[in-house]
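Pasting target04.tsv here (TSV, C-alpha atoms):
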chain	number	residue	atom	x	y	z
A	1	MET	CA	-52.29	-43.48	42.35
A	2	ASP	CA	-52.75	-46.54	40.17
A	3	SER	CA	-56.45	-46.81	40.84
A	4	SER	CA	-56.95	-43.14	39.96
A	5	LEU	CA	-55.12	-43.67	36.65
A	6	ILE	CA	-57.37	-46.65	35.86
A	7	PHE	CA	-60.40	-44.60	36.84
A	8	TYR	CA	-59.48	-41.73	34.52
A	9	LEU	CA	-58.75	-44.08	31.63
A	10	LEU	CA	-62.03	-45.95	32.10
A	11	SER	CA	-63.96	-42.68	32.41
A	12	ALA	CA	-62.42	-41.30	29.24
A	13	LEU	CA	-63.23	-44.55	27.45
A	14	SER	CA	-66.85	-44.54	28.60
A	15	VAL	CA	-67.44	-40.87	27.73
A	16	VAL	CA	-65.80	-41.13	24.31
A	17	SER	CA	-67.66	-44.31	23.40
A	18	ALA	CA	-70.94	-42.77	24.64
A	19	LEU	CA	-70.28	-39.80	22.33
A	20	PHE	CA	-69.64	-42.23	19.48
A	21	VAL	CA	-73.01	-43.87	20.17
A	22	VAL	CA	-74.76	-40.54	19.64
A	23	PHE	CA	-72.74	-39.05	16.82
A	24	SER	CA	-71.67	-41.98	14.65
A	25	ARG	CA	-73.21	-42.17	11.20
A	26	SER	CA	-74.09	-45.81	11.02
A	27	PRO	CA	-76.28	-47.65	13.58
A	28	ILE	CA	-73.94	-50.63	13.60
A	29	TYR	CA	-71.07	-48.44	14.86
A	30	SER	CA	-73.41	-47.03	17.49
A	31	VAL	CA	-74.17	-50.53	18.75
A	32	LEU	CA	-70.49	-51.52	18.79
A	33	SER	CA	-69.42	-48.40	20.68
A	34	LEU	CA	-72.26	-48.94	23.15
A	35	ILE	CA	-70.78	-52.38	23.83
A	36	VAL	CA	-67.41	-50.70	24.53
A	37	CYS	CA	-69.18	-48.25	26.83
A	38	PHE	CA	-70.86	-51.08	28.74
A	39	PHE	CA	-67.56	-52.89	29.17
A	40	SER	CA	-65.95	-49.75	30.58
A	41	ILE	CA	-68.87	-49.37	32.99
A	42	ALA	CA	-68.30	-52.98	34.05
A	43	GLY	CA	-64.71	-51.96	34.73
A	44	HIS	CA	-66.01	-49.17	36.95
A	45	TYR	CA	-68.10	-51.73	38.84
A	46	VAL	CA	-64.98	-53.82	39.49
A	47	MET	CA	-63.21	-50.68	40.75
A	48	LEU	CA	-66.15	-50.10	43.09
A	49	ASN	CA	-65.90	-53.62	44.63
A	50	ALA	CA	-69.12	-54.74	42.94
A	51	GLN	CA	-67.74	-57.89	41.32
A	52	PHE	CA	-71.05	-59.72	41.12
A	53	LEU	CA	-72.73	-56.77	39.44
A	54	ALA	CA	-69.84	-56.40	37.00
A	55	ILE	CA	-70.27	-59.98	35.81
A	56	ILE	CA	-74.06	-59.65	35.68
A	57	HIS	CA	-73.67	-56.39	33.76
A	58	ILE	CA	-71.45	-58.03	31.14
A	59	ILE	CA	-73.74	-61.06	30.81
A	60	VAL	CA	-76.98	-59.07	30.60
A	61	TYR	CA	-75.90	-56.02	28.63
A	62	ALA	CA	-72.99	-57.06	26.43
A	63	GLY	CA	-74.17	-60.65	26.17
A	64	ALA	CA	-77.92	-60.40	25.77
A	65	ILE	CA	-79.17	-56.89	25.12
A	66	MET	CA	-76.51	-55.84	22.65
A	67	VAL	CA	-76.79	-59.09	20.70
A	68	LEU	CA	-80.52	-58.40	20.48
A	69	MET	CA	-79.76	-54.87	19.26
A	70	LEU	CA	-77.30	-56.15	16.67
A	71	PHE	CA	-79.83	-58.67	15.38
A	72	THR	CA	-82.44	-55.91	15.14
A	73	VAL	CA	-80.05	-53.71	13.16
A	74	MET	CA	-79.52	-56.69	10.85
A	75	LEU	CA	-83.25	-57.46	10.57
A	76	LEU	CA	-84.25	-53.86	9.89
A	77	ASN	CA	-81.47	-53.49	7.33
A	78	LEU	CA	-80.31	-50.17	8.71
A	79	ASN	CA	-77.30	-48.67	7.03
A	80	LYS	CA	-75.80	-45.32	6.21
A	81	THR	CA	-77.86	-44.62	3.14
A	82	THR	CA	-81.25	-45.24	4.74
A	83	GLU	CA	-80.34	-43.43	7.95
A	84	PRO	CA	-82.37	-40.21	8.22
A	85	HIS	CA	-80.95	-37.21	10.00
A	86	LYS	CA	-82.57	-34.23	11.62
A	87	THR	CA	-82.07	-30.74	10.30
A	88	ASN	CA	-79.07	-28.81	11.55
A	89	MET	CA	-81.28	-26.43	13.50
A	90	THR	CA	-82.85	-29.30	15.46
A	91	LYS	CA	-79.44	-30.85	16.07
A	92	ILE	CA	-78.05	-27.62	17.46
A	93	ALA	CA	-81.12	-27.18	19.65
A	94	ALA	CA	-80.75	-30.77	20.90
A	95	VAL	CA	-77.10	-30.29	21.81
A	96	ILE	CA	-77.77	-26.95	23.48
A	97	SER	CA	-80.67	-28.26	25.56
A	98	GLY	CA	-78.74	-31.39	26.57
A	99	GLY	CA	-75.77	-29.22	27.48
A	100	LEU	CA	-77.99	-26.97	29.56
A	101	LEU	CA	-79.30	-30.01	31.43
A	102	MET	CA	-75.71	-31.10	32.11
A	103	LEU	CA	-74.87	-27.56	33.26
A	104	THR	CA	-77.81	-27.59	35.68
A	105	LEU	CA	-76.88	-30.99	37.09
A	106	LEU	CA	-73.22	-30.02	37.41
A	107	ALA	CA	-74.09	-26.72	39.04
A	108	SER	CA	-76.04	-28.59	41.70
A	109	ILE	CA	-72.91	-30.55	42.69
A	110	ARG	CA	-70.56	-27.62	42.27
A	111	ALA	CA	-70.81	-26.67	45.94
A	112	GLU	CA	-69.01	-29.88	46.92
A	113	LYS	CA	-65.30	-29.72	46.35
A	114	LEU	CA	-63.68	-32.19	44.03
A	115	ALA	CA	-60.93	-33.96	45.95
A	116	ALA	CA	-58.37	-36.22	44.30
A	117	TYR	CA	-59.83	-39.53	43.21
A	118	GLN	CA	-59.74	-42.24	45.85
A	119	SER	CA	-61.07	-45.69	45.25
A	120	PRO	CA	-63.44	-46.96	47.94
A	121	ALA	CA	-61.98	-49.04	50.72
A	122	PRO	CA	-61.69	-52.71	49.74
A	123	SER	CA	-64.64	-54.66	51.04
A	124	GLU	CA	-66.44	-57.91	50.40
A	125	LEU	CA	-69.84	-56.26	50.08
A	126	GLY	CA	-70.06	-56.86	46.35
A	127	TYR	CA	-69.45	-60.60	46.62
A	128	VAL	CA	-72.25	-62.82	45.52
A	129	GLN	CA	-73.05	-64.10	49.03
A	130	HIS	CA	-73.67	-60.61	50.44
A	131	VAL	CA	-75.74	-59.38	47.50
A	132	GLY	CA	-77.58	-62.69	47.42
A	133	LEU	CA	-78.38	-62.62	51.12
A	134	LYS	CA	-79.72	-59.09	50.80
A	135	LEU	CA	-81.68	-60.04	47.71
A	136	PHE	CA	-83.31	-63.13	49.20
A	137	GLN	CA	-83.97	-61.70	52.65
A	138	ASP	CA	-85.04	-58.07	52.29
A	139	PHE	CA	-85.98	-57.97	48.61
A	140	LEU	CA	-87.60	-61.35	48.13
A	141	LEU	CA	-91.00	-60.03	47.05
A	142	PRO	CA	-89.62	-57.64	44.38
A	143	PHE	CA	-87.44	-60.51	43.17
A	144	GLU	CA	-90.46	-62.76	42.69
A	145	ILE	CA	-92.47	-59.96	41.08
A	146	SER	CA	-89.63	-59.35	38.62
A	147	SER	CA	-90.01	-62.93	37.44
A	148	ILE	CA	-93.65	-62.15	36.55
A	149	LEU	CA	-92.39	-59.06	34.74
A	150	PHE	CA	-89.97	-61.22	32.77
A	151	VAL	CA	-92.62	-63.72	31.78
A	152	SER	CA	-94.96	-60.95	30.61
A	153	ALA	CA	-92.13	-59.26	28.69
A	154	MET	CA	-91.25	-62.56	27.03
A	155	ILE	CA	-94.84	-63.23	26.00
A	156	ALA	CA	-95.24	-59.63	24.81
A	157	ALA	CA	-92.10	-59.84	22.70
A	158	VAL	CA	-93.25	-63.05	21.04
A	159	VAL	CA	-96.76	-61.71	20.42
A	160	LEU	CA	-95.53	-58.38	19.04
A	161	ALA	CA	-92.83	-59.75	16.78
A	162	LYS	CA	-94.99	-62.57	15.42
A	163	LYS	CA	-95.91	-62.23	11.78
A	164	GLU	CA	-99.50	-61.08	11.41
A	165	LYS	CA	-101.81	-63.19	9.31
A	166	HIS	CA	-103.59	-61.30	6.57
B	1	MET	CA	-59.33	-48.60	55.73
B	2	THR	CA	-61.17	-46.18	58.01
B	3	ASN	CA	-59.33	-43.05	56.88
B	4	LEU	CA	-60.51	-43.66	53.33
B	5	LEU	CA	-64.10	-43.69	54.52
B	6	GLN	CA	-63.83	-40.44	56.42
B	7	THR	CA	-64.52	-38.19	53.45
B	8	PRO	CA	-66.76	-40.21	51.18
B	9	GLU	CA	-68.50	-37.21	49.62
B	10	ALA	CA	-65.44	-35.48	48.23
B	11	THR	CA	-64.01	-38.55	46.52
B	12	GLN	CA	-67.34	-39.79	45.31
B	13	ASN	CA	-67.83	-36.58	43.34
B	14	TRP	CA	-65.86	-38.05	40.48
B	15	TYR	CA	-68.50	-40.70	39.98
B	16	LEU	CA	-71.19	-38.04	40.34
B	17	LEU	CA	-69.45	-36.08	37.58
B	18	LEU	CA	-69.02	-39.09	35.31
B	19	SER	CA	-72.60	-40.28	35.64
B	20	THR	CA	-73.90	-36.75	35.08
B	21	VAL	CA	-71.91	-36.52	31.86
B	22	LEU	CA	-73.08	-39.96	30.70
B	23	PHE	CA	-76.70	-39.13	31.50
B	24	SER	CA	-76.50	-35.85	29.58
B	25	ILE	CA	-74.96	-37.60	26.58
B	26	GLY	CA	-77.93	-39.98	26.67
B	27	VAL	CA	-80.37	-37.05	26.76
B	28	ILE	CA	-78.57	-35.38	23.85
B	29	GLY	CA	-78.78	-38.63	21.92
B	30	VAL	CA	-82.52	-38.96	22.47
B	31	LEU	CA	-83.03	-35.42	21.16
B	32	PHE	CA	-80.41	-35.65	18.43
B	33	ARG	CA	-81.25	-38.78	16.47
B	34	ARG	CA	-84.28	-39.79	14.43
B	35	ASN	CA	-83.64	-43.51	14.43
B	36	ALA	CA	-85.81	-45.15	17.09
B	37	LEU	CA	-83.22	-47.87	17.69
B	38	ILE	CA	-80.53	-45.32	18.56
B	39	ILE	CA	-83.01	-43.56	20.85
B	40	LEU	CA	-83.57	-46.85	22.69
B	41	MET	CA	-79.81	-47.25	23.02
B	42	CYS	CA	-79.49	-43.75	24.45
B	43	VAL	CA	-82.17	-44.60	27.01
B	44	GLU	CA	-80.04	-47.61	27.95
B	45	LEU	CA	-77.08	-45.27	28.34
B	46	MET	CA	-79.06	-43.08	30.74
B	47	LEU	CA	-80.10	-46.12	32.77
B	48	ASN	CA	-76.48	-47.16	33.01
B	49	ALA	CA	-75.41	-43.72	34.19
B	50	VAL	CA	-77.92	-44.02	37.03
B	51	ASN	CA	-76.72	-47.57	37.75
B	52	LEU	CA	-73.15	-46.36	38.01
B	53	LEU	CA	-74.17	-43.64	40.45
B	54	LEU	CA	-76.09	-46.13	42.62
B	55	VAL	CA	-73.16	-48.55	42.71
B	56	SER	CA	-70.72	-45.77	43.62
B	57	ILE	CA	-72.96	-44.56	46.44
B	58	SER	CA	-73.29	-48.15	47.64
B	59	ALA	CA	-69.53	-48.66	47.55
B	60	TYR	CA	-68.58	-45.46	49.30
B	61	SER	CA	-71.20	-45.76	52.02
B	62	GLY	CA	-70.55	-49.47	52.58
B	63	ASN	CA	-74.18	-50.45	52.09
B	64	VAL	CA	-75.20	-53.22	49.72
B	65	ASP	CA	-78.76	-51.95	49.11
B	66	GLY	CA	-77.69	-49.85	46.11
B	67	GLN	CA	-76.34	-52.90	44.32
B	68	VAL	CA	-79.64	-54.72	44.78
B	69	PHE	CA	-81.44	-51.72	43.26
B	70	VAL	CA	-79.06	-51.84	40.30
B	71	PHE	CA	-79.90	-55.52	39.92
B	72	PHE	CA	-83.60	-54.67	39.65
B	73	ILE	CA	-82.93	-51.82	37.23
B	74	MET	CA	-81.07	-54.29	35.01
B	75	VAL	CA	-84.06	-56.65	35.14
B	76	VAL	CA	-86.43	-53.89	34.07
B	77	ALA	CA	-84.01	-52.70	31.37
B	78	ALA	CA	-83.76	-56.19	29.89
B	79	ALA	CA	-87.55	-56.53	29.79
B	80	GLU	CA	-87.87	-53.06	28.28
B	81	VAL	CA	-85.36	-53.78	25.53
B	82	ALA	CA	-87.04	-57.07	24.64
B	83	VAL	CA	-90.47	-55.45	24.28
B	84	GLY	CA	-89.07	-52.31	22.62
B	85	LEU	CA	-87.18	-54.22	19.97
B	86	ALA	CA	-90.19	-56.44	19.28
B	87	LEU	CA	-92.29	-53.30	18.84
B	88	MET	CA	-89.68	-51.87	16.50
B	89	VAL	CA	-89.61	-54.99	14.33
B	90	SER	CA	-93.40	-54.94	14.23
B	91	ILE	CA	-93.51	-51.24	13.29
B	92	TYR	CA	-90.88	-51.76	10.62
B	93	ARG	CA	-92.89	-54.63	9.18
B	94	SER	CA	-96.08	-52.55	8.87
B	95	ILE	CA	-94.67	-49.10	7.99
B	96	GLY	CA	-91.26	-49.90	6.53
B	97	SER	CA	-89.32	-47.43	8.63
B	98	ILE	CA	-88.43	-46.70	12.24
B	99	ASP	CA	-87.77	-43.03	11.59
B	100	ILE	CA	-89.61	-41.16	14.35
B	101	ASN	CA	-90.57	-38.37	11.94
B	102	VAL	CA	-92.58	-40.89	9.94
B	103	LEU	CA	-94.34	-42.15	13.08
B	104	ASN	CA	-96.25	-38.93	13.69
B	105	LYS	CA	-99.83	-40.20	13.82
B	106	LEU	CA	-100.14	-39.20	17.48
B	107	LYS	CA	-98.66	-35.76	16.88
B	108	TRP	CA	-101.01	-32.79	17.01

Encoded form using structure tokens:
Amino acid sequence: MDSSLIFYLLSALSVVSALFVVFSRSPIYSVLSLIVCFFSIAGHYVMLNAQFLAIIHIIVYAGAIMVLMLFTVMLLNLNKTTEPHKTNMTKIAAVISGGLLMLTLLASIRAEKLAAYQSPAPSELGYVQHVGLKLFQDFLLPFEISSILFVSAMIAAVVLAKKEKH
Amino acid sequence: MTNLLQTPEATQNWYLLLSTVLFSIGVIGVLFRRNALIILMCVELMLNAVNLLLVSISAYSGNVDGQVFVFFIMVVAAAEVAVGLALMVSIYRSIGSIDINVLNKLKW
């Protein structure tokens, strides 16, 4: 009962904040509501016994990525007056096509019946030792390759954002 | 503990529903906005919807593989955001705007 209430509240929070990301006027409000959305998704991870992932999610997304986004909004000097908007026709078409996609995806799961919400059985699978063992035993090679990806992304970011000499 | 795991599909449908809605909101955002930064944020939203689905499948089936996949998706998303934002700063410096209607040189 309690877990279902928490689930519904968190779901409502994530959907509403995701809608704010899309429909808010100013980019800074979009970034802030995306942070709220990420925190609610971290709450979902805790509900799903994925404690390690919840912490990683908060550190990576709310801590690193969103700070980067906020700094970019500040650097690019984006505000309400400079924010361009599409024509109403394009907006309506965008909403209709996105809604049709949602309808298609929902129709594909419609055959399954929607039982009352039940949180998954409590388990220790999401603890850091289990995820870490899996990561360093079965997924060691992808883990090492991802470090190469990170180095290349870091170098690329520095090279791209460096001021060009004229 | 075991009777909760007997019908994993029916109870997991809520997470299926939620991640479908979040993914569709991300798609609408990509089509709706002209600001490239917001489009990048909506792509992040879609990635997170998929992450949520993977974690829920992992939790209800009692298998930790899904969480490792989510870990790798986060790695790729962080790299993508770093490069994407650097590109955006660079574009803004040379063109003075990140409006995608201005960046139409590759449009035919």

Between B:Glu44, B:Tyr15, B:Arg33, B:Arg93, which is the closest to B:Val76 once you count all atoms listed in the file? B:Glu44

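Coordinates place atom CA of A:Phe150 at a distance of 13.3 Å from atom CA of A:Val60.
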
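For the atom pair formed by atom CA of A:Ala157 and atom CA of A:Val73, the distance is 16.5 Å, given to one decimal.
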
Counting all atoms listed in the file, select every polymer residue within 8 Å of (-76.8, -34.3, 31.6) as defined in the file's coordinates, and provide the selection as a PyMOL selection string. (chain A and resi 98-105) or (chain B and resi 20-27)

Put those residues in a file: C-alpha atoms, as a CSV table (one decimal), in the frame of the given file.
chain,number,residue,atom,x,y,z
A,98,GLY,CA,-78.7,-31.4,26.6
A,99,GLY,CA,-75.8,-29.2,27.5
A,100,LEU,CA,-78.0,-27.0,29.6
A,101,LEU,CA,-79.3,-30.0,31.4
A,102,MET,CA,-75.7,-31.1,32.1
A,103,LEU,CA,-74.9,-27.6,33.3
A,104,THR,CA,-77.8,-27.6,35.7
A,105,LEU,CA,-76.9,-31.0,37.1
B,20,THR,CA,-73.9,-36.8,35.1
B,21,VAL,CA,-71.9,-36.5,31.9
B,22,LEU,CA,-73.1,-40.0,30.7
B,23,PHE,CA,-76.7,-39.1,31.5
B,24,SER,CA,-76.5,-35.8,29.6
B,25,ILE,CA,-75.0,-37.6,26.6
B,26,GLY,CA,-77.9,-40.0,26.7
B,27,VAL,CA,-80.4,-37.0,26.8

With distances taken over all atoms listed in the file, the candidate from A:Leu48, A:Ile96, A:Ala121, A:Val67 nearest B:Leu52 is A:Leu48

Using all atoms listed in the file, determine which residues lie at most 7 Å from stretch 7-18 of chain A, disregarding the query and same-chain residues fewer than 3 positions distant; provide the list as a ChimeraX atom specification. /A:3-4,21-22,33-34,36-37,40-41 /B:18,22,25

Could you write out that same residue set with C-alpha atoms as a PDB file, in the coordinates of the input?
ATOM      1  CA  SER A   3     -56.450 -46.810  40.840  1.00  0.00           C
ATOM      2  CA  SER A   4     -56.950 -43.140  39.960  1.00  0.00           C
ATOM      3  CA  VAL A  21     -73.010 -43.870  20.170  1.00  0.00           C
ATOM      4  CA  VAL A  22     -74.760 -40.540  19.640  1.00  0.00           C
ATOM      5  CA  SER A  33     -69.420 -48.400  20.680  1.00  0.00           C
ATOM      6  CA  LEU A  34     -72.260 -48.940  23.150  1.00  0.00           C
ATOM      7  CA  VAL A  36     -67.410 -50.700  24.530  1.00  0.00           C
ATOM      8  CA  CYS A  37     -69.180 -48.250  26.830  1.00  0.00           C
ATOM      9  CA  SER A  40     -65.950 -49.750  30.580  1.00  0.00           C
ATOM     10  CA  ILE A  41     -68.870 -49.370  32.990  1.00  0.00           C
TER      11      ILE A  41
ATOM     12  CA  LEU B  18     -69.020 -39.090  35.310  1.00  0.00           C
ATOM     13  CA  LEU B  22     -73.080 -39.960  30.700  1.00  0.00           C
ATOM     14  CA  ILE B  25     -74.960 -37.600  26.580  1.00  0.00           C
TER      15      ILE B  25
END

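Between atom CA of A:Asn88 and atom CA of B:Leu106 the interatomic distance comes to 24.2 Å.
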
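All of the residues in chain B within 6 Å of chain A are B:Met1, B:Ala10, B:Thr11, B:Ser24, B:Val27, B:Ile28, B:Gly29, B:Leu31, B:Phe32, B:Ala59, B:Tyr60, B:Ala79, B:Val83, B:Ala86, B:Ser90, where all atoms listed in the file were counted.
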
Print the selection's residues with C-alpha atoms to a file, as an mmCIF file, keeping the file's coordinate frame.
data_model
loop_
_atom_site.group_PDB
_atom_site.id
_atom_site.type_symbol
_atom_site.label_atom_id
_atom_site.label_comp_id
_atom_site.auth_asym_id
_atom_site.auth_seq_id
_atom_site.Cartn_x
_atom_site.Cartn_y
_atom_site.Cartn_z
ATOM 1 C CA MET B 1 -59.330 -48.600 55.730
ATOM 2 C CA ALA B 10 -65.440 -35.480 48.230
ATOM 3 C CA THR B 11 -64.010 -38.550 46.520
ATOM 4 C CA SER B 24 -76.500 -35.850 29.580
ATOM 5 C CA VAL B 27 -80.370 -37.050 26.760
ATOM 6 C CA ILE B 28 -78.570 -35.380 23.850
ATOM 7 C CA GLY B 29 -78.780 -38.630 21.920
ATOM 8 C CA LEU B 31 -83.030 -35.420 21.160
ATOM 9 C CA PHE B 32 -80.410 -35.650 18.430
ATOM 10 C CA ALA B 59 -69.530 -48.660 47.550
ATOM 11 C CA TYR B 60 -68.580 -45.460 49.300
ATOM 12 C CA ALA B 79 -87.550 -56.530 29.790
ATOM 13 C CA VAL B 83 -90.470 -55.450 24.280
ATOM 14 C CA ALA B 86 -90.190 -56.440 19.280
ATOM 15 C CA SER B 90 -93.400 -54.940 14.230
#

Judged by all atoms listed in the file, the minimum distance to B:Asp65 among A:Ile148, A:Leu133, A:Ile55, A:Ser108 is found for A:Leu133

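In this comparison, which uses only C-alpha atoms, the residue of A:Leu5, A:Leu141, A:Met89, A:Ala107 approaching B:Leu17 most closely is A:Ala107.
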
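Taking all atoms listed in the file into account, B:Ala78 lies nearest to B:Leu40 out of the set B:Ile100, B:Val50, B:Leu40, B:Ile95.
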
For B:Cys42, which residue among A:Gly63, A:Met74, A:Gln137, A:Phe20 is the nearest when counting only C-alpha atoms? A:Phe20
